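Visitor: File follows, run-v5.txt with compact mmCIF, C-alpha atoms:
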```txt
# COMPACT_ATOMS: atom_id res chain seq x y z
CA MET A 34 14.73 -7.93 24.07
CA GLU A 35 14.06 -9.84 27.27
CA PRO A 36 10.41 -10.12 28.27
CA GLY A 37 9.32 -7.88 31.12
CA CYS A 38 8.04 -4.45 32.00
CA LEU A 39 9.27 -2.18 29.20
CA ARG A 40 10.79 1.13 30.15
CA LEU A 41 9.56 3.46 27.40
CA ALA A 42 10.51 6.93 26.28
CA VAL A 43 8.00 8.65 24.02
CA LEU A 44 9.16 11.31 21.55
CA ALA A 45 6.37 13.60 20.33
CA SER A 46 6.11 16.91 18.51
CA GLY A 47 2.34 17.37 18.49
CA ARG A 48 -0.83 16.62 20.36
CA GLY A 49 0.37 13.26 21.64
CA SER A 50 -2.74 11.21 20.96
CA ASN A 51 -0.71 8.03 20.54
CA PHE A 52 1.15 8.87 23.75
CA LEU A 53 -2.18 9.04 25.59
CA ALA A 54 -3.39 5.83 23.97
CA ILE A 55 -0.25 4.02 25.17
CA LEU A 56 -0.70 5.46 28.64
CA GLU A 57 -4.30 4.25 28.67
CA ALA A 58 -3.26 0.75 27.57
CA ILE A 59 -0.79 0.63 30.46
CA LYS A 60 -3.44 1.75 32.94
CA GLN A 61 -5.86 -0.87 31.64
CA GLY A 62 -3.26 -3.61 32.01
CA ARG A 63 -3.12 -4.31 28.25
CA LEU A 64 0.48 -3.19 28.06
CA ASN A 65 3.20 -4.22 30.49
CA ALA A 66 5.27 -1.05 30.27
CA GLN A 67 5.98 2.23 31.92
CA ILE A 68 6.49 5.60 30.25
CA GLU A 69 9.60 6.91 31.98
CA VAL A 70 9.73 10.15 30.07
CA LEU A 71 8.10 12.11 27.29
CA ILE A 72 10.51 14.21 25.25
CA SER A 73 9.43 16.89 22.80
CA ASP A 74 11.28 19.10 20.34
CA LYS A 75 8.44 21.66 20.44
CA SER A 76 7.83 23.75 23.56
CA ALA A 77 4.19 24.23 22.57
CA ALA A 78 3.49 20.52 21.98
CA LEU A 79 0.19 19.55 23.56
CA ALA A 80 1.89 16.26 24.40
CA LEU A 81 4.01 18.04 27.05
CA GLN A 82 0.89 19.43 28.69
CA LYS A 83 -0.79 16.03 28.60
CA ALA A 84 2.27 14.44 30.20
CA GLU A 85 2.20 17.11 32.92
CA GLU A 86 -1.48 16.35 33.60
CA ALA A 87 -0.78 12.61 33.68
CA GLY A 88 2.17 13.00 36.03
CA ILE A 89 4.66 11.66 33.47
CA PRO A 90 8.15 13.18 33.51
CA HIS A 91 8.49 15.38 30.45
CA ILE A 92 11.27 17.38 28.86
CA PHE A 93 11.38 19.95 26.13
CA ILE A 94 14.74 19.75 24.38
CA ASP A 95 15.15 22.80 22.20
CA PRO A 96 16.87 21.86 18.93
CA SER A 97 17.83 25.49 18.29
CA LEU A 98 20.21 25.32 21.25
CA PHE A 99 22.34 22.70 19.50
CA PRO A 100 24.66 23.32 16.55
CA ASP A 101 23.66 20.17 14.65
CA ARG A 102 21.60 16.99 14.78
CA PRO A 103 24.31 14.80 16.35
CA SER A 104 24.74 17.13 19.32
CA TYR A 105 20.96 17.48 19.70
CA GLU A 106 20.53 13.71 19.62
CA SER A 107 23.41 13.24 22.06
CA GLU A 108 21.39 15.23 24.57
CA ILE A 109 18.37 12.99 23.92
CA VAL A 110 20.53 9.88 24.36
CA LYS A 111 21.87 11.25 27.64
CA GLN A 112 18.31 11.68 28.91
CA LEU A 113 17.34 8.19 27.73
CA GLN A 114 20.36 6.50 29.25
CA ALA A 115 19.85 8.26 32.57
CA ARG A 116 16.43 6.57 32.70
CA GLU A 117 17.57 3.15 31.46
CA ILE A 118 15.11 3.22 28.57
CA ASP A 119 14.45 -0.09 26.78
CA LEU A 120 12.53 1.24 23.82
CA VAL A 121 12.09 4.62 22.16
CA VAL A 122 8.56 5.20 20.89
CA LEU A 123 8.04 7.88 18.24
CA ALA A 124 4.54 9.30 18.43
CA GLY A 125 4.16 12.15 15.99
CA TYR A 126 7.83 13.07 16.26
CA MET A 127 8.40 15.29 13.27
CA ARG A 128 12.15 14.84 12.79
CA LEU A 129 14.24 12.32 10.95
CA VAL A 130 16.16 10.16 13.39
CA GLY A 131 19.93 10.37 12.86
CA LYS A 132 22.95 8.19 13.47
CA VAL A 133 23.54 9.11 17.10
CA LEU A 134 20.11 7.98 18.25
CA LEU A 135 20.03 4.97 15.91
CA GLN A 136 23.42 3.70 17.06
CA ALA A 137 22.53 4.14 20.72
CA TYR A 138 19.24 2.24 20.30
CA PRO A 139 19.64 -0.18 17.39
CA HIS A 140 16.28 -1.85 16.63
CA ARG A 141 14.95 -0.19 19.76
CA ILE A 142 13.21 2.74 18.14
CA VAL A 143 9.69 2.26 16.80
CA ASN A 144 7.42 4.56 14.85
CA ILE A 145 3.81 4.55 13.72
CA HIS A 146 2.88 5.92 10.32
CA PRO A 147 -0.69 6.60 9.12
CA ALA A 148 -0.47 4.70 5.83
CA LEU A 149 0.16 1.22 4.49
CA LEU A 150 3.88 1.64 3.95
CA PRO A 151 5.67 1.77 1.57
CA SER A 152 2.79 3.86 0.16
CA PHE A 153 2.61 7.51 1.23
CA THR A 154 5.73 8.14 3.27
CA GLY A 155 6.42 11.47 4.90
CA LEU A 156 4.05 14.26 5.80
CA HIS A 157 0.29 14.30 5.24
CA ALA A 158 0.04 10.60 4.47
CA GLN A 159 -3.74 10.63 4.81
CA ARG A 160 -4.06 13.55 2.37
CA GLN A 161 -1.73 11.77 -0.05
CA ALA A 162 -3.97 8.68 0.13
CA VAL A 163 -7.17 10.65 -0.47
CA ASP A 164 -5.61 12.59 -3.34
CA TYR A 165 -4.23 9.45 -4.97
CA GLY A 166 -7.63 7.78 -4.85
CA VAL A 167 -6.66 4.50 -3.17
CA LYS A 168 -9.46 2.31 -1.86
CA PHE A 169 -7.52 1.15 1.21
CA SER A 170 -5.01 2.81 3.44
CA GLY A 171 -4.12 2.05 7.05
CA CYS A 172 -1.31 2.34 9.55
CA THR A 173 2.08 0.76 10.01
CA VAL A 174 4.30 0.21 13.06
CA HIS A 175 7.93 -0.22 12.08
CA PHE A 176 11.42 -0.15 13.48
CA VAL A 177 13.15 3.09 12.60
CA ASP A 178 16.12 3.14 10.26
CA ASP A 179 17.93 6.05 8.63
CA GLY A 180 15.31 6.55 5.91
CA MET A 181 11.97 8.29 6.10
CA ASP A 182 9.39 5.65 7.09
CA THR A 183 11.47 2.91 5.47
CA GLY A 184 12.36 0.62 8.40
CA PRO A 185 11.31 -3.04 8.83
CA ILE A 186 7.56 -3.41 9.32
CA ILE A 187 6.30 -5.04 12.51
CA GLU A 188 2.57 -4.85 11.85
CA GLN A 189 0.00 -3.08 9.70
CA VAL A 190 -3.73 -2.51 9.89
CA VAL A 191 -5.85 -1.93 6.79
CA VAL A 192 -8.44 0.87 6.83
CA PRO A 193 -10.91 1.44 3.97
CA VAL A 194 -11.02 4.81 2.23
CA LEU A 195 -14.63 5.77 1.61
CA PRO A 196 -15.75 7.51 -1.59
CA ASP A 197 -16.23 11.01 -0.19
CA ASP A 198 -13.62 10.93 2.56
CA SER A 199 -11.88 14.17 3.34
CA GLU A 200 -8.33 14.05 4.66
CA ASP A 201 -9.75 14.53 8.17
CA ASP A 202 -12.34 11.76 7.80
CA LEU A 203 -9.66 9.30 6.81
CA ALA A 204 -7.19 10.54 9.44
CA GLU A 205 -9.78 10.03 12.16
CA ARG A 206 -10.65 6.51 11.00
CA ILE A 207 -6.98 5.56 10.84
CA LEU A 208 -6.21 7.16 14.22
CA VAL A 209 -8.62 4.82 16.00
CA GLN A 210 -6.64 1.91 14.58
CA GLU A 211 -3.28 3.52 15.37
CA HIS A 212 -4.16 3.71 19.04
CA GLU A 213 -5.07 0.04 19.19
CA LEU A 214 -2.19 -1.13 16.99
CA TYR A 215 0.60 0.71 18.78
CA ALA A 216 -0.32 -0.67 22.21
CA ARG A 217 -0.69 -4.16 20.77
CA VAL A 218 2.73 -4.12 19.09
CA LEU A 219 4.43 -2.68 22.18
CA GLN A 220 2.94 -5.50 24.23
CA TRP A 221 4.37 -8.05 21.73
CA ILE A 222 7.78 -6.43 22.25
CA ALA A 223 7.28 -6.46 26.04
CA GLU A 224 6.51 -10.19 25.82
CA GLY A 225 9.65 -10.86 23.77
CA ARG A 226 7.66 -12.12 20.78
CA VAL A 227 9.22 -9.93 18.08
CA TYR A 228 12.16 -11.30 16.08
CA ILE A 229 14.13 -9.43 13.45
CA GLU A 230 15.73 -11.11 10.43
CA GLY A 231 17.04 -8.42 8.12
CA ARG A 232 14.01 -6.60 6.77
CA LYS A 233 11.61 -9.30 7.95
CA ILE A 234 9.94 -9.13 11.31
CA TYR A 235 8.50 -12.29 12.79
CA VAL A 236 6.01 -12.21 15.64
CA ASP A 237 5.67 -15.37 17.69
CA HIS A 238 1.92 -15.77 18.30
CA ASP A 239 2.11 -19.15 20.07
CA MET B 51 -19.83 4.37 -21.15
CA GLU B 52 -23.40 3.35 -21.86
CA PRO B 53 -24.60 0.20 -20.07
CA GLY B 54 -24.78 -2.92 -22.20
CA CYS B 55 -22.83 -5.87 -23.49
CA LEU B 56 -19.22 -4.73 -23.49
CA ARG B 57 -17.11 -5.51 -26.50
CA LEU B 58 -13.70 -6.33 -25.03
CA ALA B 59 -10.23 -6.70 -26.45
CA VAL B 60 -7.73 -8.43 -24.18
CA LEU B 61 -4.01 -7.70 -24.53
CA ALA B 62 -1.77 -10.35 -23.01
CA SER B 63 1.91 -11.30 -23.13
CA GLY B 64 1.89 -14.41 -20.96
CA ARG B 65 -0.19 -17.32 -19.82
CA GLY B 66 -3.47 -15.39 -19.90
CA SER B 67 -4.92 -16.55 -16.61
CA ASN B 68 -6.89 -13.33 -16.21
CA PHE B 69 -8.09 -13.70 -19.80
CA LEU B 70 -9.45 -17.14 -18.94
CA ALA B 71 -11.02 -15.88 -15.72
CA ILE B 72 -12.84 -13.16 -17.67
CA LEU B 73 -13.98 -15.70 -20.23
CA GLU B 74 -15.29 -17.92 -17.45
CA ALA B 75 -17.17 -15.02 -15.85
CA ILE B 76 -18.85 -14.32 -19.19
CA LYS B 77 -19.83 -17.98 -19.61
CA GLN B 78 -21.26 -18.06 -16.09
CA GLY B 79 -23.33 -14.96 -16.75
CA ARG B 80 -21.48 -12.87 -14.12
CA LEU B 81 -20.15 -10.54 -16.79
CA ASN B 82 -22.19 -9.03 -19.58
CA ALA B 83 -19.42 -8.81 -22.15
CA GLN B 84 -17.86 -10.51 -25.11
CA ILE B 85 -14.18 -10.93 -25.85
CA GLU B 86 -13.96 -9.90 -29.49
CA VAL B 87 -10.24 -10.46 -29.81
CA LEU B 88 -7.13 -11.41 -27.88
CA ILE B 89 -3.98 -9.63 -29.01
CA SER B 90 -0.48 -10.61 -27.96
CA ASP B 91 2.96 -9.14 -28.51
CA LYS B 92 4.57 -12.57 -27.93
CA SER B 93 4.14 -15.35 -30.46
CA ALA B 94 4.76 -17.94 -27.75
CA ALA B 95 2.22 -16.51 -25.30
CA LEU B 96 0.15 -19.29 -23.80
CA ALA B 97 -2.76 -16.84 -23.96
CA LEU B 98 -2.83 -17.18 -27.76
CA GLN B 99 -3.12 -20.94 -27.45
CA LYS B 100 -5.85 -20.64 -24.82
CA ALA B 101 -7.77 -18.24 -27.09
CA GLU B 102 -7.45 -20.73 -29.94
CA GLU B 103 -8.83 -23.51 -27.73
CA ALA B 104 -11.69 -21.29 -26.58
CA GLY B 105 -12.58 -20.23 -30.11
CA ILE B 106 -11.75 -16.56 -29.44
CA PRO B 107 -10.25 -14.59 -32.35
CA HIS B 108 -6.58 -14.00 -31.57
CA ILE B 109 -3.76 -12.09 -33.19
CA PHE B 110 -0.05 -11.99 -32.67
CA ILE B 111 1.23 -8.55 -33.58
CA ASP B 112 5.02 -8.68 -33.79
CA PRO B 113 6.51 -5.48 -32.37
CA SER B 114 9.81 -6.14 -34.16
CA LEU B 115 8.06 -5.53 -37.48
CA PHE B 116 7.37 -1.90 -36.55
CA PRO B 117 9.94 0.89 -36.39
CA ASP B 118 8.61 2.40 -33.18
CA ARG B 119 5.87 2.23 -30.56
CA PRO B 120 3.48 4.64 -32.31
CA SER B 121 3.44 2.58 -35.48
CA TYR B 122 3.07 -0.65 -33.51
CA GLU B 123 0.20 0.79 -31.52
CA SER B 124 -1.42 2.16 -34.68
CA GLU B 125 -1.69 -1.43 -35.88
CA ILE B 126 -3.30 -2.43 -32.57
CA VAL B 127 -5.75 0.49 -32.84
CA LYS B 128 -6.63 -0.56 -36.38
CA GLN B 129 -7.47 -4.06 -35.13
CA LEU B 130 -9.50 -2.67 -32.23
CA GLN B 131 -11.46 -0.23 -34.36
CA ALA B 132 -12.25 -2.91 -36.93
CA ARG B 133 -13.97 -4.82 -34.10
CA GLU B 134 -15.69 -1.80 -32.51
CA ILE B 135 -14.08 -2.45 -29.16
CA ASP B 136 -15.55 -0.64 -26.12
CA LEU B 137 -12.85 -1.43 -23.63
CA VAL B 138 -9.24 -2.62 -23.80
CA VAL B 139 -8.35 -5.03 -21.02
CA LEU B 140 -4.67 -5.51 -20.19
CA ALA B 141 -4.03 -8.95 -18.74
CA GLY B 142 -0.34 -9.49 -18.19
CA TYR B 143 0.54 -7.20 -21.09
CA MET B 144 4.22 -6.48 -20.52
CA ARG B 145 4.54 -3.19 -22.38
CA LEU B 146 3.98 0.40 -21.40
CA VAL B 147 0.99 1.81 -23.23
CA GLY B 148 1.85 4.84 -25.34
CA LYS B 149 0.10 7.90 -26.67
CA VAL B 150 -1.43 6.34 -29.77
CA LEU B 151 -3.38 3.72 -27.84
CA LEU B 152 -4.22 6.08 -24.96
CA GLN B 153 -5.57 8.76 -27.28
CA ALA B 154 -7.63 6.27 -29.25
CA TYR B 155 -9.17 4.81 -26.06
CA PRO B 156 -9.15 7.51 -23.38
CA HIS B 157 -10.29 6.05 -20.05
CA ARG B 158 -11.12 2.88 -21.94
CA ILE B 159 -8.04 0.88 -21.10
CA VAL B 160 -7.90 -1.01 -17.81
CA ASN B 161 -5.13 -2.96 -16.16
CA ILE B 162 -4.78 -5.24 -13.16
CA HIS B 163 -1.67 -5.09 -11.01
CA PRO B 164 -0.75 -7.63 -8.30
CA ALA B 165 -0.10 -5.14 -5.49
CA LEU B 166 -1.87 -2.45 -3.51
CA LEU B 167 -0.83 0.46 -5.69
CA PRO B 168 0.96 2.83 -5.35
CA SER B 169 3.17 0.26 -3.57
CA PHE B 170 5.27 -2.04 -5.76
CA THR B 171 4.77 -0.84 -9.30
CA GLY B 172 6.37 -2.58 -12.24
CA LEU B 173 7.71 -6.08 -12.56
CA HIS B 174 7.74 -8.74 -9.84
CA ALA B 175 5.34 -6.86 -7.57
CA GLN B 176 4.79 -9.93 -5.41
CA ARG B 177 8.53 -10.46 -4.93
CA GLN B 178 8.92 -6.78 -4.07
CA ALA B 179 6.21 -7.15 -1.41
CA VAL B 180 7.78 -10.26 0.12
CA ASP B 181 11.25 -8.68 0.11
CA TYR B 182 10.01 -5.46 1.67
CA GLY B 183 8.31 -7.35 4.48
CA VAL B 184 4.82 -5.83 4.24
CA LYS B 185 2.02 -7.55 6.14
CA PHE B 186 -0.60 -6.87 3.47
CA SER B 187 -0.51 -6.72 -0.28
CA GLY B 188 -3.27 -7.24 -2.81
CA CYS B 189 -4.35 -6.33 -6.29
CA THR B 190 -5.53 -3.19 -8.03
CA VAL B 191 -7.65 -2.57 -11.13
CA HIS B 192 -7.00 0.86 -12.60
CA PHE B 193 -7.48 2.88 -15.73
CA VAL B 194 -4.25 3.09 -17.68
CA ASP B 195 -2.44 6.38 -18.10
CA ASP B 196 1.00 7.16 -19.49
CA GLY B 197 2.84 6.10 -16.32
CA MET B 198 3.72 2.64 -15.11
CA ASP B 199 0.81 1.45 -12.94
CA THR B 200 -0.07 5.04 -12.02
CA GLY B 201 -3.58 5.49 -13.43
CA PRO B 202 -6.76 6.20 -11.42
CA ILE B 203 -7.73 3.26 -9.20
CA ILE B 204 -11.13 1.63 -9.73
CA GLU B 205 -10.95 -1.02 -7.03
CA GLN B 206 -8.48 -2.87 -4.82
CA VAL B 207 -8.54 -6.10 -2.82
CA VAL B 208 -6.34 -6.63 0.22
CA VAL B 209 -4.47 -9.93 0.59
CA PRO B 210 -2.47 -10.85 3.71
CA VAL B 211 1.21 -11.71 3.40
CA LEU B 212 1.98 -14.65 5.67
CA PRO B 213 5.23 -14.90 7.65
CA ASP B 214 6.98 -17.51 5.52
CA ASP B 215 5.44 -16.68 2.15
CA SER B 216 7.62 -17.18 -0.90
CA GLU B 217 7.03 -14.98 -3.92
CA ASP B 218 5.04 -17.85 -5.47
CA ASP B 219 2.90 -18.39 -2.37
CA LEU B 220 1.88 -14.76 -2.35
CA ALA B 221 1.43 -14.59 -6.13
CA GLU B 222 -0.94 -17.55 -6.01
CA ARG B 223 -2.99 -16.07 -3.16
CA ILE B 224 -3.26 -12.74 -4.97
CA LEU B 225 -4.10 -14.38 -8.31
CA VAL B 226 -7.27 -15.93 -6.89
CA GLN B 227 -8.41 -12.44 -5.94
CA GLU B 228 -7.33 -10.95 -9.28
CA HIS B 229 -9.60 -13.33 -11.16
CA GLU B 230 -12.60 -12.41 -9.05
CA LEU B 231 -11.82 -8.68 -8.95
CA TYR B 232 -11.27 -8.16 -12.65
CA ALA B 233 -14.59 -9.75 -13.66
CA ARG B 234 -16.39 -7.78 -10.95
CA VAL B 235 -14.96 -4.43 -12.06
CA LEU B 236 -15.63 -5.15 -15.74
CA GLN B 237 -19.24 -5.88 -14.86
CA TRP B 238 -19.48 -2.51 -13.05
CA ILE B 239 -18.23 -0.87 -16.24
CA ALA B 240 -20.70 -2.90 -18.32
CA GLU B 241 -23.49 -1.68 -16.06
CA GLY B 242 -22.39 1.95 -16.44
CA ARG B 243 -21.67 2.32 -12.71
CA VAL B 244 -18.13 3.68 -12.94
CA TYR B 245 -17.61 7.46 -12.91
CA ILE B 246 -14.32 9.28 -13.30
CA GLU B 247 -13.54 12.63 -11.65
CA GLY B 248 -9.89 13.40 -12.20
CA ARG B 249 -7.93 10.82 -10.23
CA LYS B 250 -10.99 9.71 -8.28
CA ILE B 251 -13.15 6.87 -9.44
CA TYR B 252 -16.66 6.55 -8.07
CA VAL B 253 -18.64 3.36 -8.34
CA ASP B 254 -22.40 3.65 -8.04
CA HIS B 255 -23.46 0.69 -5.90
CA ASP B 256 -27.16 1.61 -5.62
```
Show me the file's structure as C-alpha cells.

Guide:
Amino acid sequence: MEPGCLRLAVLASGRGSNFLAILEAIKQGRLNAQIEVLISDKSAALALQKAEEAGIPHIFIDPSLFPDRPSYESEIVKQLQAREIDLVVLAGYMRLVGKVLLQAYPHRIVNIHPALLPSFTGLHAQRQAVDYGVKFSGCTVHFVDDGMDTGPIIEQVVVPVLPDDSEDDLAERILVQEHELYARVLQWIAEGRVYIEGRKIYVDHD
Amino acid sequence: MEPGCLRLAVLASGRGSNFLAILEAIKQGRLNAQIEVLISDKSAALALQKAEEAGIPHIFIDPSLFPDRPSYESEIVKQLQAREIDLVVLAGYMRLVGKVLLQAYPHRIVNIHPALLPSFTGLHAQRQAVDYGVKFSGCTVHFVDDGMDTGPIIEQVVVPVLPDDSEDDLAERILVQEHELYARVLQWIAEGRVYIEGRKIYVDHD
C-alpha cells in the first residue's frame, strides 16, 4: 500500500471501543487516516450511536435482508468501493469474512483479537485464557483470511494474567493494550512499512 | 508436597540440556533438590553420558523389551519407587506419559515445553512458531496429564520471535529461558509454594 492518509472503513457489531480508540488516535495526530464509514450488522450496536455522536458516516446493513453471505458482502463491498476505502478494519465484527469481501480487499482487511494467537481463537478468548490457566495472554492484529482468527500476524502485545483474574479483569487489561496496538499498527500501514511474504509479516522500523 | 530437599528423577530422550541446567542449579544452591536417577528410553541419549560424567545414577530402559506402554511404565515406576522419588521431571522425554505413571505420581510429574502453551503443542514447537509467524513465543512448565502438553500450567516465560529468526535461532533463545525457568519452578515446588486447584496453579510468592 502506498504511504499516505488511509481511508478506513470500520466494521463493528458491538460497543465499538476500538473504533473510538482509532478515532482518538486520528484526532491526536498519532494516526494518519480518516474513518470514511462505520458499518454494522447489528442495528442496536453501540458503535453506530458512537459514530453518530462523532459525526462519522455510519450504516446498518441488515444481514437478514440478504439471502446469503455473498450477497450480503456484495452490499458491503458496494459501500466500501463508493467511498474508495483503502483498508477495512474489523473492530468487534462478529461474523466470519467470506470470499466476496476477501477477494475485493485482498490483504486489506485487518482484525484485532484479544489473545496471543494461535491460542484461544473465536469467541470469549479472555474467558478461554482464564479457564485454561495461562500465565500470559495478550492481543493480536492480523490480516484476515478465510479462517477464524488464522490470518498472518502483524503484531502482538503480551499481557500478564494475574492469579485471581476474572474474565472481565483480564478483558479490561487486554483492552487497554488493544486500543494502543491497533492505532500503532494502522499507522505502520499508513506509512507503508508493512510487507507481506506468505504468512510472514515484516515491519520496516528504520 | 511438603517443603524440603526434593528427590528428583529426570526422564530424558535426548541431549539432556535441561537435566544439566537442573544439576547446575542444585550445585549453585539455587535448587534444594537431588537428582536420584536419570532414566532414558534411548540407549544413545547424550543425557545418559552426561549423567555418567556427573556421577548421577542413570538407567536405560528399553521400551522394545516390553509388550506395551503399561508394562514399560511399570518398570519405570518400580525404579522410581525404589529411590523414593518425590517428583518426576521430564526433560526432552519424547513419549506420551500413560496411566500407569500418572496414577503412581499424580500431580508429581512436570514437563517443560518450548512454546507458550496452548500454542504449538507436540514436536518442533519452535519451527511451528517460526512458520506461523507469531511475534512472541516462549516456554511453559506444566504438570503432566494424559494429553500432549495439555496439563495445568505452573509458569511461562515469554520470548520474542525476531523477524529473520530460523528455527534454531528461536530454539536457542528459548532454551536459555528454559534452563532458568525449570530450576526456578522446581525450587518453588521444593519450598511447598505451588498449589493446584483444578486447572489453575497458584504460586505463593510471599

Visitor: Starting from chain B, keep only residues with some atom at most 12 Å from an atom of chain A, counting only C-alpha atoms, and report them as an mmCIF file with C-alpha atoms, keeping the file's coordinate frame.

Guide:
```
data_model
loop_
_atom_site.group_PDB
_atom_site.id
_atom_site.type_symbol
_atom_site.label_atom_id
_atom_site.label_comp_id
_atom_site.auth_asym_id
_atom_site.auth_seq_id
_atom_site.Cartn_x
_atom_site.Cartn_y
_atom_site.Cartn_z
ATOM 1 C CA ALA B 165 -0.100 -5.140 -5.490
ATOM 2 C CA LEU B 166 -1.870 -2.450 -3.510
ATOM 3 C CA LEU B 167 -0.830 0.460 -5.690
ATOM 4 C CA PRO B 168 0.960 2.830 -5.350
ATOM 5 C CA SER B 169 3.170 0.260 -3.570
ATOM 6 C CA PHE B 170 5.270 -2.040 -5.760
ATOM 7 C CA THR B 171 4.770 -0.840 -9.300
ATOM 8 C CA GLN B 178 8.920 -6.780 -4.070
ATOM 9 C CA ALA B 179 6.210 -7.150 -1.410
ATOM 10 C CA VAL B 180 7.780 -10.260 0.120
ATOM 11 C CA ASP B 181 11.250 -8.680 0.110
ATOM 12 C CA TYR B 182 10.010 -5.460 1.670
ATOM 13 C CA GLY B 183 8.310 -7.350 4.480
ATOM 14 C CA VAL B 184 4.820 -5.830 4.240
ATOM 15 C CA LYS B 185 2.020 -7.550 6.140
ATOM 16 C CA PHE B 186 -0.600 -6.870 3.470
ATOM 17 C CA SER B 187 -0.510 -6.720 -0.280
ATOM 18 C CA GLY B 188 -3.270 -7.240 -2.810
ATOM 19 C CA CYS B 189 -4.350 -6.330 -6.290
ATOM 20 C CA THR B 190 -5.530 -3.190 -8.030
ATOM 21 C CA VAL B 191 -7.650 -2.570 -11.130
ATOM 22 C CA HIS B 192 -7.000 0.860 -12.600
ATOM 23 C CA PHE B 193 -7.480 2.880 -15.730
ATOM 24 C CA THR B 200 -0.070 5.040 -12.020
ATOM 25 C CA GLY B 201 -3.580 5.490 -13.430
ATOM 26 C CA PRO B 202 -6.760 6.200 -11.420
ATOM 27 C CA ILE B 203 -7.730 3.260 -9.200
ATOM 28 C CA ILE B 204 -11.130 1.630 -9.730
ATOM 29 C CA GLU B 205 -10.950 -1.020 -7.030
ATOM 30 C CA GLN B 206 -8.480 -2.870 -4.820
ATOM 31 C CA VAL B 207 -8.540 -6.100 -2.820
ATOM 32 C CA VAL B 208 -6.340 -6.630 0.220
ATOM 33 C CA VAL B 209 -4.470 -9.930 0.590
ATOM 34 C CA PRO B 210 -2.470 -10.850 3.710
ATOM 35 C CA VAL B 211 1.210 -11.710 3.400
ATOM 36 C CA LEU B 212 1.980 -14.650 5.670
ATOM 37 C CA PRO B 213 5.230 -14.900 7.650
ATOM 38 C CA ASP B 214 6.980 -17.510 5.520
ATOM 39 C CA ASP B 215 5.440 -16.680 2.150
ATOM 40 C CA TYR B 245 -17.610 7.460 -12.910
ATOM 41 C CA ILE B 246 -14.320 9.280 -13.300
ATOM 42 C CA GLU B 247 -13.540 12.630 -11.650
ATOM 43 C CA GLY B 248 -9.890 13.400 -12.200
ATOM 44 C CA ARG B 249 -7.930 10.820 -10.230
ATOM 45 C CA LYS B 250 -10.990 9.710 -8.280
ATOM 46 C CA ILE B 251 -13.150 6.870 -9.440
ATOM 47 C CA TYR B 252 -16.660 6.550 -8.070
ATOM 48 C CA VAL B 253 -18.640 3.360 -8.340
ATOM 49 C CA ASP B 254 -22.400 3.650 -8.040
ATOM 50 C CA HIS B 255 -23.460 0.690 -5.900
#
```

Visitor: With distances taken over all atoms listed in the file, which of B:Leu81, B:Leu146, B:Leu61, B:Ile89 is nearest to Gln237 in chain B?

Guide: B:Leu81

Visitor: May I ask for the distance between CA of Leu231 in chain B and CA of Ile72 in chain B, given in Å to one decimal place?

Guide: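 Rounded to one decimal, the two atoms are 9.9 Å apart.
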
Visitor: Smallest atom-to-atom distance to Pro103 in chain A: which of A:Glu211, A:Gln159, A:Ala137, A:Glu200, using only C-alpha atoms?

Guide: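 Smallest separation from Pro103 in chain A among the options: A:Ala137.
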
Visitor: What does the distance from CA of His140 in chain A to CA of Cys38 in chain A come to in Å, to one decimal?

Guide: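 A separation of 17.6 Å between them.
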
Visitor: Env of range 126-128 of chain B: 12 Å cut, atoms = only C-alpha atoms, seq-sep filter 2 positions within chain, self excluded. Answer as JSON, numbers by chain.

Guide: {"B": [59, 60, 61, 87, 88, 89, 90, 91, 109, 110, 111, 112, 113, 116, 119, 120, 121, 122, 123, 124, 130, 131, 132, 133, 134, 135, 136, 137, 138, 147, 148, 149, 150, 151, 152, 153, 154, 155, 159]}

Visitor: Go through B:Leu220, B:Ala83, B:Ala97, B:Leu225 and flag the residue nearest Phe69 in chain B, using only C-alpha atoms for the distances.

Guide: B:Ala97

Visitor: For CA of Arg243 in chain B and CA of Ile162 in chain B, quote the distance in Å rounded to one decimal.

Guide: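 Taking CA of Arg243 in chain B as the start and CA of Ile162 in chain B as the end point, the length is 18.5 Å.
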
Visitor: Calculated over all atoms listed in the file, which of the candidates B:Gly197, B:Gly142, B:Gly79, B:Gly172 has the smallest distance to Arg234 in chain B?

Guide: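 Looking at the shortest contact to Arg234 in chain B, the residue is B:Gly79.
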
Visitor: Skipping near chain neighbours, those fewer than 4 positions away, what residues fall within 10 Å of Leu173 in chain B using all atoms listed in the file, listed as an MDAnalysis selection string?

Guide: chainID B and resid 144 163:164 177:178 198

Visitor: Please determine, counting all atoms listed in the file, which residue among A:Val143, A:Ala204, A:Val122, A:Ala216 has the shortest atom-to-atom distance to Asp178 in chain A.

Guide: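 The answer is A:Val143, which sits nearest to Asp178 in chain A.
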
Visitor: Which centre and edge lengths in Å to one decimal define the box along x, y and z that fits every listed atom of range 93-109 of chain B plus 8 Å per side, as JSON?

Guide:
```
{"center_x": -3.9, "center_y": -17.8, "center_z": -28.5, "size_x": 33.3, "size_y": 27.4, "size_z": 25.4}
```

Visitor: For range 180-184 of chain B, supply N, CA, C and O atoms and report the output as a PDB file, in the coordinates of the input.

Guide:
```
ATOM      1  N   VAL B 180       7.165  -9.298  -0.799  1.00  0.00           N
ATOM      2  CA  VAL B 180       7.780 -10.260   0.120  1.00  0.00           C
ATOM      3  C   VAL B 180       9.125  -9.723   0.622  1.00  0.00           C
ATOM      4  O   VAL B 180       9.408  -9.767   1.827  1.00  0.00           O
ATOM      5  N   ASP B 181       9.924  -9.190  -0.282  1.00  0.00           N
ATOM      6  CA  ASP B 181      11.250  -8.680   0.110  1.00  0.00           C
ATOM      7  C   ASP B 181      11.152  -7.474   1.038  1.00  0.00           C
ATOM      8  O   ASP B 181      11.979  -7.299   1.929  1.00  0.00           O
ATOM      9  N   TYR B 182      10.144  -6.651   0.823  1.00  0.00           N
ATOM     10  CA  TYR B 182      10.010  -5.460   1.670  1.00  0.00           C
ATOM     11  C   TYR B 182       9.581  -5.841   3.082  1.00  0.00           C
ATOM     12  O   TYR B 182       9.952  -5.202   4.050  1.00  0.00           O
ATOM     13  N   GLY B 183       8.791  -6.930   3.165  1.00  0.00           N
ATOM     14  CA  GLY B 183       8.310  -7.350   4.480  1.00  0.00           C
ATOM     15  C   GLY B 183       6.986  -6.713   4.889  1.00  0.00           C
ATOM     16  O   GLY B 183       6.700  -6.589   6.071  1.00  0.00           O
ATOM     17  N   VAL B 184       6.159  -6.351   3.899  1.00  0.00           N
ATOM     18  CA  VAL B 184       4.820  -5.830   4.240  1.00  0.00           C
ATOM     19  C   VAL B 184       3.948  -6.955   4.780  1.00  0.00           C
ATOM     20  O   VAL B 184       4.182  -8.134   4.505  1.00  0.00           O
TER      21      VAL B 184
END
```
